[in-house]
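This is query-v5.cif. It holds mmCIF, N, CA and C atoms and all ligand atoms.
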```cif
data_my_file
loop_
_atom_site.label_atom_id
_atom_site.label_comp_id
_atom_site.auth_asym_id
_atom_site.auth_seq_id
_atom_site.Cartn_x
_atom_site.Cartn_y
_atom_site.Cartn_z
N MET A 1 -8.38 -28.02 -2.10
CA MET A 1 -8.40 -26.56 -2.25
C MET A 1 -7.94 -26.24 -3.67
N HIS A 2 -8.81 -25.56 -4.42
CA HIS A 2 -8.41 -25.24 -5.79
C HIS A 2 -7.38 -24.10 -5.80
N LYS A 3 -6.75 -23.97 -6.96
CA LYS A 3 -5.56 -23.11 -7.06
C LYS A 3 -5.82 -21.65 -6.68
N LYS A 4 -6.93 -21.08 -7.18
CA LYS A 4 -7.22 -19.67 -6.89
C LYS A 4 -7.48 -19.46 -5.40
N LEU A 5 -8.17 -20.40 -4.80
CA LEU A 5 -8.45 -20.31 -3.36
C LEU A 5 -7.14 -20.43 -2.58
N LYS A 6 -6.32 -21.37 -2.98
CA LYS A 6 -5.04 -21.58 -2.30
C LYS A 6 -4.16 -20.32 -2.39
N THR A 7 -4.14 -19.71 -3.56
CA THR A 7 -3.35 -18.49 -3.75
C THR A 7 -3.87 -17.37 -2.86
N ALA A 8 -5.19 -17.20 -2.82
CA ALA A 8 -5.78 -16.15 -1.99
C ALA A 8 -5.52 -16.42 -0.51
N TYR A 9 -5.67 -17.67 -0.10
CA TYR A 9 -5.42 -18.06 1.30
C TYR A 9 -3.97 -17.76 1.67
N ARG A 10 -3.07 -18.20 0.83
CA ARG A 10 -1.64 -18.00 1.12
C ARG A 10 -1.29 -16.51 1.17
N SER A 11 -1.91 -15.73 0.31
CA SER A 11 -1.66 -14.30 0.29
C SER A 11 -2.11 -13.66 1.61
N GLU A 12 -3.28 -14.04 2.09
CA GLU A 12 -3.77 -13.50 3.36
C GLU A 12 -2.87 -13.94 4.52
N MET A 13 -2.44 -15.18 4.50
CA MET A 13 -1.55 -15.66 5.57
C MET A 13 -0.20 -14.93 5.53
N ALA A 14 0.32 -14.75 4.34
CA ALA A 14 1.62 -14.07 4.21
C ALA A 14 1.53 -12.64 4.70
N LEU A 15 0.44 -11.96 4.34
CA LEU A 15 0.24 -10.59 4.81
C LEU A 15 0.13 -10.56 6.34
N GLY A 16 -0.65 -11.48 6.87
CA GLY A 16 -0.81 -11.55 8.32
C GLY A 16 0.51 -11.78 9.03
N LYS A 17 1.30 -12.70 8.51
CA LYS A 17 2.60 -13.01 9.14
C LYS A 17 3.55 -11.81 9.06
N ARG A 18 3.55 -11.14 7.90
CA ARG A 18 4.43 -9.98 7.75
C ARG A 18 4.06 -8.89 8.74
N LEU A 19 2.76 -8.60 8.82
CA LEU A 19 2.29 -7.56 9.74
C LEU A 19 2.56 -7.96 11.19
N PHE A 20 2.40 -9.24 11.48
CA PHE A 20 2.72 -9.75 12.82
C PHE A 20 4.18 -9.46 13.15
N SER A 21 5.05 -9.77 12.21
CA SER A 21 6.49 -9.57 12.45
C SER A 21 6.84 -8.10 12.60
N GLU A 22 6.00 -7.23 12.03
CA GLU A 22 6.22 -5.79 12.14
C GLU A 22 5.55 -5.19 13.38
N GLY A 23 4.90 -6.07 14.16
CA GLY A 23 4.23 -5.59 15.36
C GLY A 23 2.88 -4.94 15.11
N LYS A 24 2.37 -5.11 13.89
CA LYS A 24 1.06 -4.53 13.55
C LYS A 24 0.00 -5.61 13.78
N PHE A 25 -0.31 -5.81 15.05
CA PHE A 25 -1.10 -6.97 15.43
C PHE A 25 -2.58 -6.89 15.01
N LYS A 26 -3.15 -5.72 15.11
CA LYS A 26 -4.55 -5.57 14.71
C LYS A 26 -4.71 -5.87 13.21
N GLU A 27 -3.80 -5.32 12.45
CA GLU A 27 -3.86 -5.54 10.99
C GLU A 27 -3.55 -7.00 10.66
N ALA A 28 -2.61 -7.57 11.38
CA ALA A 28 -2.27 -8.98 11.16
C ALA A 28 -3.48 -9.86 11.45
N PHE A 29 -4.16 -9.57 12.54
CA PHE A 29 -5.32 -10.36 12.92
C PHE A 29 -6.39 -10.32 11.83
N HIS A 30 -6.57 -9.14 11.26
CA HIS A 30 -7.56 -8.98 10.19
C HIS A 30 -7.25 -9.94 9.03
N HIS A 31 -5.99 -10.07 8.69
CA HIS A 31 -5.65 -10.96 7.57
C HIS A 31 -5.73 -12.43 7.97
N PHE A 32 -5.47 -12.74 9.21
CA PHE A 32 -5.68 -14.12 9.67
C PHE A 32 -7.18 -14.45 9.66
N GLU A 33 -8.00 -13.46 9.96
CA GLU A 33 -9.46 -13.66 9.89
C GLU A 33 -9.88 -13.96 8.45
N ARG A 34 -9.36 -13.20 7.54
CA ARG A 34 -9.70 -13.41 6.13
C ARG A 34 -9.19 -14.78 5.66
N ALA A 35 -8.01 -15.14 6.10
CA ALA A 35 -7.48 -16.47 5.77
C ALA A 35 -8.37 -17.55 6.37
N HIS A 36 -8.90 -17.30 7.55
CA HIS A 36 -9.79 -18.27 8.18
C HIS A 36 -11.05 -18.47 7.35
N VAL A 37 -11.62 -17.37 6.88
CA VAL A 37 -12.82 -17.47 6.04
C VAL A 37 -12.54 -18.34 4.81
N LEU A 38 -11.36 -18.17 4.24
CA LEU A 38 -11.00 -18.91 3.02
C LEU A 38 -10.58 -20.36 3.31
N GLY A 39 -9.94 -20.57 4.42
CA GLY A 39 -9.29 -21.86 4.64
C GLY A 39 -10.01 -22.83 5.56
N GLN A 40 -11.11 -22.40 6.16
CA GLN A 40 -11.70 -23.22 7.21
C GLN A 40 -12.30 -24.55 6.73
N PHE A 41 -12.45 -24.71 5.45
CA PHE A 41 -13.01 -25.97 4.93
C PHE A 41 -11.95 -27.07 4.86
N TYR A 42 -10.72 -26.71 5.09
CA TYR A 42 -9.60 -27.64 4.93
C TYR A 42 -8.83 -27.74 6.25
N VAL A 43 -8.56 -28.94 6.68
CA VAL A 43 -8.05 -29.18 8.03
C VAL A 43 -6.77 -28.39 8.32
N ILE A 44 -5.74 -28.56 7.52
CA ILE A 44 -4.45 -27.93 7.82
C ILE A 44 -4.50 -26.40 7.67
N PRO A 45 -5.03 -25.89 6.55
CA PRO A 45 -5.13 -24.43 6.44
C PRO A 45 -5.96 -23.82 7.58
N HIS A 46 -7.02 -24.52 7.96
CA HIS A 46 -7.86 -24.04 9.05
C HIS A 46 -7.07 -23.98 10.36
N ALA A 47 -6.41 -25.08 10.67
CA ALA A 47 -5.63 -25.12 11.91
C ALA A 47 -4.55 -24.04 11.91
N ARG A 48 -3.95 -23.82 10.75
CA ARG A 48 -2.87 -22.83 10.65
C ARG A 48 -3.38 -21.43 11.03
N THR A 49 -4.58 -21.08 10.59
CA THR A 49 -5.10 -19.74 10.94
C THR A 49 -5.29 -19.63 12.45
N HIS A 50 -5.81 -20.69 13.06
CA HIS A 50 -6.03 -20.63 14.51
C HIS A 50 -4.70 -20.62 15.29
N ILE A 51 -3.72 -21.32 14.78
CA ILE A 51 -2.41 -21.33 15.45
C ILE A 51 -1.79 -19.93 15.41
N TRP A 52 -1.94 -19.25 14.30
CA TRP A 52 -1.40 -17.88 14.22
C TRP A 52 -2.20 -16.92 15.08
N MET A 53 -3.49 -17.14 15.18
CA MET A 53 -4.29 -16.31 16.09
C MET A 53 -3.87 -16.58 17.54
N LEU A 54 -3.56 -17.83 17.84
CA LEU A 54 -3.06 -18.17 19.18
C LEU A 54 -1.72 -17.46 19.42
N ALA A 55 -0.84 -17.52 18.43
CA ALA A 55 0.46 -16.85 18.56
C ALA A 55 0.26 -15.36 18.79
N LEU A 56 -0.68 -14.79 18.08
CA LEU A 56 -0.96 -13.37 18.24
C LEU A 56 -1.52 -13.08 19.64
N GLY A 57 -2.37 -13.96 20.12
CA GLY A 57 -2.90 -13.80 21.47
C GLY A 57 -1.80 -13.86 22.52
N ILE A 58 -0.86 -14.78 22.32
CA ILE A 58 0.26 -14.92 23.25
C ILE A 58 1.14 -13.67 23.19
N ARG A 59 1.43 -13.26 21.98
CA ARG A 59 2.33 -12.11 21.76
C ARG A 59 1.76 -10.82 22.35
N THR A 60 0.43 -10.69 22.31
CA THR A 60 -0.21 -9.46 22.81
C THR A 60 -0.74 -9.62 24.23
N GLY A 61 -0.57 -10.81 24.80
CA GLY A 61 -1.03 -11.04 26.16
C GLY A 61 -2.54 -11.01 26.30
N ASN A 62 -3.22 -11.45 25.26
CA ASN A 62 -4.68 -11.43 25.25
C ASN A 62 -5.20 -12.80 25.71
N ALA A 63 -5.55 -12.89 27.00
CA ALA A 63 -5.96 -14.17 27.58
C ALA A 63 -7.20 -14.74 26.90
N ARG A 64 -8.13 -13.86 26.55
CA ARG A 64 -9.36 -14.32 25.89
C ARG A 64 -9.04 -14.99 24.55
N GLU A 65 -8.11 -14.37 23.82
CA GLU A 65 -7.74 -14.94 22.52
C GLU A 65 -7.00 -16.26 22.70
N ILE A 66 -6.13 -16.31 23.68
CA ILE A 66 -5.37 -17.54 23.93
C ILE A 66 -6.32 -18.68 24.26
N LEU A 67 -7.21 -18.46 25.20
CA LEU A 67 -8.16 -19.51 25.58
C LEU A 67 -9.08 -19.87 24.41
N GLY A 68 -9.55 -18.83 23.72
CA GLY A 68 -10.43 -19.06 22.58
C GLY A 68 -9.79 -19.91 21.51
N GLN A 69 -8.52 -19.66 21.26
CA GLN A 69 -7.83 -20.41 20.22
C GLN A 69 -7.47 -21.83 20.68
N ILE A 70 -7.18 -21.99 21.95
CA ILE A 70 -6.90 -23.34 22.46
C ILE A 70 -8.13 -24.23 22.27
N ILE A 71 -9.30 -23.64 22.38
CA ILE A 71 -10.55 -24.37 22.16
C ILE A 71 -10.77 -24.58 20.66
N ARG A 72 -10.51 -23.52 19.89
CA ARG A 72 -10.85 -23.55 18.46
C ARG A 72 -9.93 -24.45 17.64
N ILE A 73 -8.71 -24.65 18.08
CA ILE A 73 -7.79 -25.48 17.28
C ILE A 73 -8.33 -26.92 17.15
N PRO A 74 -8.60 -27.62 18.26
CA PRO A 74 -9.12 -28.99 18.08
C PRO A 74 -10.52 -29.04 17.48
N LEU A 75 -11.39 -28.10 17.89
CA LEU A 75 -12.74 -28.11 17.33
C LEU A 75 -12.73 -27.77 15.84
N GLY A 76 -11.84 -26.89 15.46
CA GLY A 76 -11.71 -26.53 14.05
C GLY A 76 -11.24 -27.71 13.22
N LEU A 77 -10.29 -28.45 13.77
CA LEU A 77 -9.79 -29.64 13.06
C LEU A 77 -10.93 -30.63 12.82
N ILE A 78 -11.71 -30.85 13.85
CA ILE A 78 -12.83 -31.80 13.75
C ILE A 78 -13.87 -31.26 12.77
N GLY A 79 -14.19 -29.98 12.90
CA GLY A 79 -15.19 -29.38 12.01
C GLY A 79 -14.80 -29.48 10.54
N SER A 80 -13.55 -29.18 10.25
CA SER A 80 -13.09 -29.26 8.86
C SER A 80 -13.11 -30.71 8.37
N ALA A 81 -12.68 -31.62 9.23
CA ALA A 81 -12.63 -33.03 8.84
C ALA A 81 -14.04 -33.55 8.54
N LEU A 82 -15.02 -33.03 9.27
CA LEU A 82 -16.41 -33.48 9.08
C LEU A 82 -17.15 -32.65 8.05
N GLY A 83 -16.50 -31.58 7.58
CA GLY A 83 -17.16 -30.70 6.62
C GLY A 83 -18.24 -29.84 7.25
N LYS A 84 -18.12 -29.61 8.54
CA LYS A 84 -19.11 -28.78 9.24
C LYS A 84 -18.42 -27.55 9.83
N VAL A 85 -18.43 -26.47 9.05
CA VAL A 85 -17.85 -25.21 9.50
C VAL A 85 -18.86 -24.10 9.22
N PRO A 86 -18.88 -23.08 10.10
CA PRO A 86 -19.82 -21.97 9.90
C PRO A 86 -19.31 -21.01 8.83
N LEU A 87 -20.01 -20.98 7.72
CA LEU A 87 -19.63 -20.17 6.57
C LEU A 87 -19.38 -18.72 6.98
N GLY A 88 -18.26 -18.19 6.58
CA GLY A 88 -17.95 -16.78 6.81
C GLY A 88 -17.38 -16.47 8.18
N ASN A 89 -17.38 -17.45 9.07
CA ASN A 89 -16.88 -17.21 10.43
C ASN A 89 -15.41 -16.77 10.37
N THR A 90 -15.08 -15.76 11.16
CA THR A 90 -13.75 -15.19 11.07
C THR A 90 -12.74 -15.83 12.03
N GLY A 91 -13.20 -16.67 12.94
CA GLY A 91 -12.28 -17.52 13.69
C GLY A 91 -11.68 -16.97 14.97
N GLY A 92 -11.83 -15.69 15.22
CA GLY A 92 -11.26 -15.12 16.44
C GLY A 92 -12.14 -15.39 17.65
N ALA A 93 -11.57 -15.14 18.83
CA ALA A 93 -12.33 -15.34 20.06
C ALA A 93 -13.38 -14.24 20.25
N ASN A 94 -13.35 -13.24 19.39
CA ASN A 94 -14.34 -12.17 19.46
C ASN A 94 -15.65 -12.52 18.77
N VAL A 95 -15.71 -13.71 18.16
CA VAL A 95 -16.96 -14.17 17.54
C VAL A 95 -17.27 -15.58 18.04
N LYS A 96 -18.57 -15.91 18.06
CA LYS A 96 -18.96 -17.24 18.50
C LYS A 96 -18.43 -18.29 17.52
N LEU A 97 -18.07 -19.42 18.09
CA LEU A 97 -17.52 -20.53 17.30
C LEU A 97 -18.40 -20.94 16.13
N SER A 98 -19.70 -20.98 16.38
CA SER A 98 -20.62 -21.58 15.40
C SER A 98 -21.38 -20.55 14.58
N SER A 99 -21.06 -19.26 14.74
CA SER A 99 -21.82 -18.23 14.03
C SER A 99 -21.45 -18.17 12.56
N LYS A 100 -22.48 -18.25 11.73
CA LYS A 100 -22.25 -17.96 10.32
C LYS A 100 -22.16 -16.45 10.20
N MET A 101 -21.29 -16.00 9.30
CA MET A 101 -21.09 -14.55 9.12
C MET A 101 -21.05 -14.23 7.64
N PRO A 102 -21.35 -12.96 7.30
CA PRO A 102 -21.28 -12.58 5.88
C PRO A 102 -19.85 -12.71 5.36
N ILE A 103 -19.73 -13.21 4.17
CA ILE A 103 -18.41 -13.33 3.54
C ILE A 103 -18.05 -11.99 2.89
N PRO A 104 -16.86 -11.46 3.16
CA PRO A 104 -16.47 -10.21 2.51
C PRO A 104 -16.62 -10.33 0.99
N GLU A 105 -17.13 -9.27 0.39
CA GLU A 105 -17.42 -9.28 -1.04
C GLU A 105 -16.24 -9.77 -1.88
N ASP A 106 -15.05 -9.28 -1.54
CA ASP A 106 -13.89 -9.61 -2.38
C ASP A 106 -13.40 -11.04 -2.19
N LEU A 107 -13.93 -11.74 -1.20
CA LEU A 107 -13.52 -13.14 -0.99
C LEU A 107 -14.54 -14.13 -1.56
N LYS A 108 -15.74 -13.63 -1.85
CA LYS A 108 -16.81 -14.54 -2.28
C LYS A 108 -16.42 -15.37 -3.50
N ALA A 109 -15.78 -14.74 -4.45
CA ALA A 109 -15.47 -15.43 -5.70
C ALA A 109 -14.58 -16.66 -5.47
N TYR A 110 -13.72 -16.57 -4.45
CA TYR A 110 -12.79 -17.69 -4.19
C TYR A 110 -13.51 -18.89 -3.59
N LEU A 111 -14.67 -18.64 -3.02
CA LEU A 111 -15.38 -19.72 -2.34
C LEU A 111 -16.45 -20.35 -3.20
N GLU A 112 -16.59 -19.87 -4.43
CA GLU A 112 -17.53 -20.49 -5.35
C GLU A 112 -16.98 -21.87 -5.74
N PRO A 113 -17.87 -22.87 -5.78
CA PRO A 113 -17.39 -24.22 -6.10
C PRO A 113 -16.72 -24.30 -7.47
N ASP A 114 -17.14 -23.44 -8.40
CA ASP A 114 -16.56 -23.51 -9.75
C ASP A 114 -15.56 -22.37 -9.99
N ALA A 115 -14.94 -21.91 -8.88
CA ALA A 115 -13.97 -20.81 -9.04
C ALA A 115 -12.76 -21.24 -9.85
N GLY A 116 -12.60 -22.53 -9.99
CA GLY A 116 -11.62 -23.06 -10.95
C GLY A 116 -10.22 -23.20 -10.44
N ASP A 117 -9.39 -23.72 -11.31
CA ASP A 117 -7.99 -23.96 -10.98
C ASP A 117 -7.19 -22.84 -11.53
FE FE A 201 -12.16 -21.99 12.81
#
```
Take the structure in the file and give it back as structure tokens.
Amino acid sequence: MHKKLKTAYRSEMALGKRLFSEGKFKEAFHHFERAHVLGQFYVIPHARTHIWMLALGIRTGNAREILGQIIRIPLGLIGSALGKVPLGNTGGANVKLSSKMPIPEDLKAYLEPDAGD
């Protein structure tokens, strides 16, 4: 993970965690989704987004999210390890596991191969 991507990923995760701690779960989820888009190519960052989505599902009592994340954590690990992830997928149980999705405009630059260090 190059430096700019890592910084953007960490920023989205930090925002998500802060909002989670403030009880702003919808907003927190949005930032975990954005972190997922950025981090899904890498095993640990990818797993981390799904673990936080699982935590959010548990905290909000959302059975669909809990089950969805229990499935996505191991599959995500395998997908990242094999380099097979659906570009732009936001990672929540509200979207199909394998669906490619449009990348938000402001995140595109971080996913360019030559986005640099
Ligand atoms: Fe994922």
- Which residue gives the smallest distance to ligand FE 201 (chain A) among A:His36, A:Arg64, A:His2, A:Lys17, with only C-alpha atoms and all ligand atoms counted?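 Nearest to ligand FE 201 (chain A): A:His36.
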- Query: What is the atom C of Leu82 of chain A to atom C of Phe41 of chain A distance in Å?
  - Reply: 8.3 Å
For chain A against ligand FE 201 (chain A), with a cut-off of 7 Å and counting only N, CA and C atoms and all ligand atoms, what is the closest atom pair and its distance in Å to one decimal for every residue that makes the cut, ordered by chain and number, as a tab-separated table?
```
residue	atom	partner	partner_atom	distance
A:His36	CA	A:FE201	FE	6.4
A:Gln40	CA	A:FE201	FE	5.8
A:His46	C	A:FE201	FE	6.0
A:Ala47	N	A:FE201	FE	6.9
A:His50	N	A:FE201	FE	6.5
A:Arg72	C	A:FE201	FE	5.9
A:Ile73	N	A:FE201	FE	6.8
A:Leu75	C	A:FE201	FE	6.6
A:Gly76	CA	A:FE201	FE	4.7
A:Leu77	N	A:FE201	FE	6.8
A:Asn89	C	A:FE201	FE	6.6
A:Thr90	C	A:FE201	FE	6.2
A:Gly91	CA	A:FE201	FE	4.6
A:Gly92	N	A:FE201	FE	6.8
```
Using only N, CA and C atoms, please write the residues we just selected to a file, as a short mmCIF file (atom, residue, chain, number, x, y, z; two decimals), in the frame of the given file.
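Result file out_3.cif:
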```cif
data_model
loop_
_atom_site.label_atom_id
_atom_site.label_comp_id
_atom_site.auth_asym_id
_atom_site.auth_seq_id
_atom_site.Cartn_x
_atom_site.Cartn_y
_atom_site.Cartn_z
N HIS A 36 -8.90 -17.30 7.55
CA HIS A 36 -9.79 -18.27 8.18
C HIS A 36 -11.05 -18.47 7.35
N GLN A 40 -11.11 -22.40 6.16
CA GLN A 40 -11.70 -23.22 7.21
C GLN A 40 -12.30 -24.55 6.73
N HIS A 46 -7.02 -24.52 7.96
CA HIS A 46 -7.86 -24.04 9.05
C HIS A 46 -7.07 -23.98 10.36
N ALA A 47 -6.41 -25.08 10.67
CA ALA A 47 -5.63 -25.12 11.91
C ALA A 47 -4.55 -24.04 11.91
N HIS A 50 -5.81 -20.69 13.06
CA HIS A 50 -6.03 -20.63 14.51
C HIS A 50 -4.70 -20.62 15.29
N ARG A 72 -10.51 -23.52 19.89
CA ARG A 72 -10.85 -23.55 18.46
C ARG A 72 -9.93 -24.45 17.64
N ILE A 73 -8.71 -24.65 18.08
CA ILE A 73 -7.79 -25.48 17.28
C ILE A 73 -8.33 -26.92 17.15
N LEU A 75 -11.39 -28.10 17.89
CA LEU A 75 -12.74 -28.11 17.33
C LEU A 75 -12.73 -27.77 15.84
N GLY A 76 -11.84 -26.89 15.46
CA GLY A 76 -11.71 -26.53 14.05
C GLY A 76 -11.24 -27.71 13.22
N LEU A 77 -10.29 -28.45 13.77
CA LEU A 77 -9.79 -29.64 13.06
C LEU A 77 -10.93 -30.63 12.82
N ASN A 89 -17.38 -17.45 9.07
CA ASN A 89 -16.88 -17.21 10.43
C ASN A 89 -15.41 -16.77 10.37
N THR A 90 -15.08 -15.76 11.16
CA THR A 90 -13.75 -15.19 11.07
C THR A 90 -12.74 -15.83 12.03
N GLY A 91 -13.20 -16.67 12.94
CA GLY A 91 -12.28 -17.52 13.69
C GLY A 91 -11.68 -16.97 14.97
N GLY A 92 -11.83 -15.69 15.22
CA GLY A 92 -11.26 -15.12 16.44
C GLY A 92 -12.14 -15.39 17.65
#
```
Find the residues near segment 29-32 of chain A: any atom within 12 Å, counting only C-alpha atoms, skip ones fewer than 6 places away on the same chain, and give them as an mmCIF file with N, CA and C atoms, in the frame of the given file.
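Listed below is the output, result_29.cif:
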```cif
data_model
loop_
_atom_site.group_PDB
_atom_site.id
_atom_site.type_symbol
_atom_site.label_atom_id
_atom_site.label_comp_id
_atom_site.auth_asym_id
_atom_site.auth_seq_id
_atom_site.Cartn_x
_atom_site.Cartn_y
_atom_site.Cartn_z
ATOM 1 N N ALA A 8 -5.190 -17.200 -2.820
ATOM 2 C CA ALA A 8 -5.780 -16.150 -1.990
ATOM 3 C C ALA A 8 -5.520 -16.420 -0.510
ATOM 4 N N TYR A 9 -5.670 -17.670 -0.100
ATOM 5 C CA TYR A 9 -5.420 -18.060 1.300
ATOM 6 C C TYR A 9 -3.970 -17.760 1.670
ATOM 7 N N ARG A 10 -3.070 -18.200 0.830
ATOM 8 C CA ARG A 10 -1.640 -18.000 1.120
ATOM 9 C C ARG A 10 -1.290 -16.510 1.170
ATOM 10 N N SER A 11 -1.910 -15.730 0.310
ATOM 11 C CA SER A 11 -1.660 -14.300 0.290
ATOM 12 C C SER A 11 -2.110 -13.660 1.610
ATOM 13 N N GLU A 12 -3.280 -14.040 2.090
ATOM 14 C CA GLU A 12 -3.770 -13.500 3.360
ATOM 15 C C GLU A 12 -2.870 -13.940 4.520
ATOM 16 N N MET A 13 -2.440 -15.180 4.500
ATOM 17 C CA MET A 13 -1.550 -15.660 5.570
ATOM 18 C C MET A 13 -0.200 -14.930 5.530
ATOM 19 N N ALA A 14 0.320 -14.750 4.340
ATOM 20 C CA ALA A 14 1.620 -14.070 4.210
ATOM 21 C C ALA A 14 1.530 -12.640 4.700
ATOM 22 N N LEU A 15 0.440 -11.960 4.340
ATOM 23 C CA LEU A 15 0.240 -10.590 4.810
ATOM 24 C C LEU A 15 0.130 -10.560 6.340
ATOM 25 N N GLY A 16 -0.650 -11.480 6.870
ATOM 26 C CA GLY A 16 -0.810 -11.550 8.320
ATOM 27 C C GLY A 16 0.510 -11.780 9.030
ATOM 28 N N LYS A 17 1.300 -12.700 8.510
ATOM 29 C CA LYS A 17 2.600 -13.010 9.140
ATOM 30 C C LYS A 17 3.550 -11.810 9.060
ATOM 31 N N ARG A 18 3.550 -11.140 7.900
ATOM 32 C CA ARG A 18 4.430 -9.980 7.750
ATOM 33 C C ARG A 18 4.060 -8.890 8.740
ATOM 34 N N LEU A 19 2.760 -8.600 8.820
ATOM 35 C CA LEU A 19 2.290 -7.560 9.740
ATOM 36 C C LEU A 19 2.560 -7.960 11.190
ATOM 37 N N PHE A 20 2.400 -9.240 11.480
ATOM 38 C CA PHE A 20 2.720 -9.750 12.820
ATOM 39 C C PHE A 20 4.180 -9.460 13.150
ATOM 40 N N SER A 21 5.050 -9.770 12.210
ATOM 41 C CA SER A 21 6.490 -9.570 12.450
ATOM 42 C C SER A 21 6.840 -8.100 12.600
ATOM 43 N N GLY A 23 4.900 -6.070 14.160
ATOM 44 C CA GLY A 23 4.230 -5.590 15.360
ATOM 45 C C GLY A 23 2.880 -4.940 15.110
ATOM 46 N N LEU A 38 -11.360 -18.170 4.240
ATOM 47 C CA LEU A 38 -11.000 -18.910 3.020
ATOM 48 C C LEU A 38 -10.580 -20.360 3.310
ATOM 49 N N GLY A 39 -9.940 -20.570 4.420
ATOM 50 C CA GLY A 39 -9.290 -21.860 4.640
ATOM 51 C C GLY A 39 -10.010 -22.830 5.560
ATOM 52 N N GLN A 40 -11.110 -22.400 6.160
ATOM 53 C CA GLN A 40 -11.700 -23.220 7.210
ATOM 54 C C GLN A 40 -12.300 -24.550 6.730
ATOM 55 N N PRO A 45 -5.030 -25.890 6.550
ATOM 56 C CA PRO A 45 -5.130 -24.430 6.440
ATOM 57 C C PRO A 45 -5.960 -23.820 7.580
ATOM 58 N N HIS A 46 -7.020 -24.520 7.960
ATOM 59 C CA HIS A 46 -7.860 -24.040 9.050
ATOM 60 C C HIS A 46 -7.070 -23.980 10.360
ATOM 61 N N ALA A 47 -6.410 -25.080 10.670
ATOM 62 C CA ALA A 47 -5.630 -25.120 11.910
ATOM 63 C C ALA A 47 -4.550 -24.040 11.910
ATOM 64 N N ARG A 48 -3.950 -23.820 10.750
ATOM 65 C CA ARG A 48 -2.870 -22.830 10.650
ATOM 66 C C ARG A 48 -3.380 -21.430 11.030
ATOM 67 N N THR A 49 -4.580 -21.080 10.590
ATOM 68 C CA THR A 49 -5.100 -19.740 10.940
ATOM 69 C C THR A 49 -5.290 -19.630 12.450
ATOM 70 N N HIS A 50 -5.810 -20.690 13.060
ATOM 71 C CA HIS A 50 -6.030 -20.630 14.510
ATOM 72 C C HIS A 50 -4.700 -20.620 15.290
ATOM 73 N N ILE A 51 -3.720 -21.320 14.780
ATOM 74 C CA ILE A 51 -2.410 -21.330 15.450
ATOM 75 C C ILE A 51 -1.790 -19.930 15.410
ATOM 76 N N TRP A 52 -1.940 -19.250 14.300
ATOM 77 C CA TRP A 52 -1.400 -17.880 14.220
ATOM 78 C C TRP A 52 -2.200 -16.920 15.080
ATOM 79 N N MET A 53 -3.490 -17.140 15.180
ATOM 80 C CA MET A 53 -4.290 -16.310 16.090
ATOM 81 C C MET A 53 -3.870 -16.580 17.540
ATOM 82 N N LEU A 54 -3.560 -17.830 17.840
ATOM 83 C CA LEU A 54 -3.060 -18.170 19.180
ATOM 84 C C LEU A 54 -1.720 -17.460 19.420
ATOM 85 N N ALA A 55 -0.840 -17.520 18.430
ATOM 86 C CA ALA A 55 0.460 -16.850 18.560
ATOM 87 C C ALA A 55 0.260 -15.360 18.790
ATOM 88 N N LEU A 56 -0.680 -14.790 18.080
ATOM 89 C CA LEU A 56 -0.960 -13.370 18.240
ATOM 90 C C LEU A 56 -1.520 -13.080 19.640
ATOM 91 N N GLY A 57 -2.370 -13.960 20.120
ATOM 92 C CA GLY A 57 -2.900 -13.800 21.470
ATOM 93 C C GLY A 57 -1.800 -13.860 22.520
ATOM 94 N N ARG A 59 1.430 -13.260 21.980
ATOM 95 C CA ARG A 59 2.330 -12.110 21.760
ATOM 96 C C ARG A 59 1.760 -10.820 22.350
ATOM 97 N N THR A 60 0.430 -10.690 22.310
ATOM 98 C CA THR A 60 -0.210 -9.460 22.810
ATOM 99 C C THR A 60 -0.740 -9.620 24.230
ATOM 100 N N GLU A 65 -8.110 -14.370 23.820
ATOM 101 C CA GLU A 65 -7.740 -14.940 22.520
ATOM 102 C C GLU A 65 -7.000 -16.260 22.700
ATOM 103 N N ASN A 89 -17.380 -17.450 9.070
ATOM 104 C CA ASN A 89 -16.880 -17.210 10.430
ATOM 105 C C ASN A 89 -15.410 -16.770 10.370
ATOM 106 N N THR A 90 -15.080 -15.760 11.160
ATOM 107 C CA THR A 90 -13.750 -15.190 11.070
ATOM 108 C C THR A 90 -12.740 -15.830 12.030
ATOM 109 N N GLY A 91 -13.200 -16.670 12.940
ATOM 110 C CA GLY A 91 -12.280 -17.520 13.690
ATOM 111 C C GLY A 91 -11.680 -16.970 14.970
ATOM 112 N N GLY A 92 -11.830 -15.690 15.220
ATOM 113 C CA GLY A 92 -11.260 -15.120 16.440
ATOM 114 C C GLY A 92 -12.140 -15.390 17.650
ATOM 115 N N ALA A 93 -11.570 -15.140 18.830
ATOM 116 C CA ALA A 93 -12.330 -15.340 20.060
ATOM 117 C C ALA A 93 -13.380 -14.240 20.250
ATOM 118 N N ASN A 94 -13.350 -13.240 19.390
ATOM 119 C CA ASN A 94 -14.340 -12.170 19.460
ATOM 120 C C ASN A 94 -15.650 -12.520 18.770
ATOM 121 N N PRO A 104 -16.860 -11.460 3.160
ATOM 122 C CA PRO A 104 -16.470 -10.210 2.510
ATOM 123 C C PRO A 104 -16.620 -10.330 0.990
ATOM 124 N N LEU A 107 -13.930 -11.740 -1.200
ATOM 125 C CA LEU A 107 -13.520 -13.140 -0.990
ATOM 126 C C LEU A 107 -14.540 -14.130 -1.560
#
```
- Task: Record the distance separating atom C of Pro113 of chain A and atom C of Met1 of chain A, expressed in Å with one decimal.
- Result: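 Going from atom C of Pro113 of chain A over to atom C of Met1 of chain A covers 9.8 Å.
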- So how many Å separate atom CA of Lys108 of chain A and atom CA of Ala81 of chain A, to one decimal?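 Atom CA of Ala81 of chain A lies 22.0 Å from atom CA of Lys108 of chain A.
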- So which residues of chain A fall under alpha helix (DSSP H) by DSSP, listed as a PyMOL selection string? chain A and resi 3-21+25-39+43-60+63-82+105-108
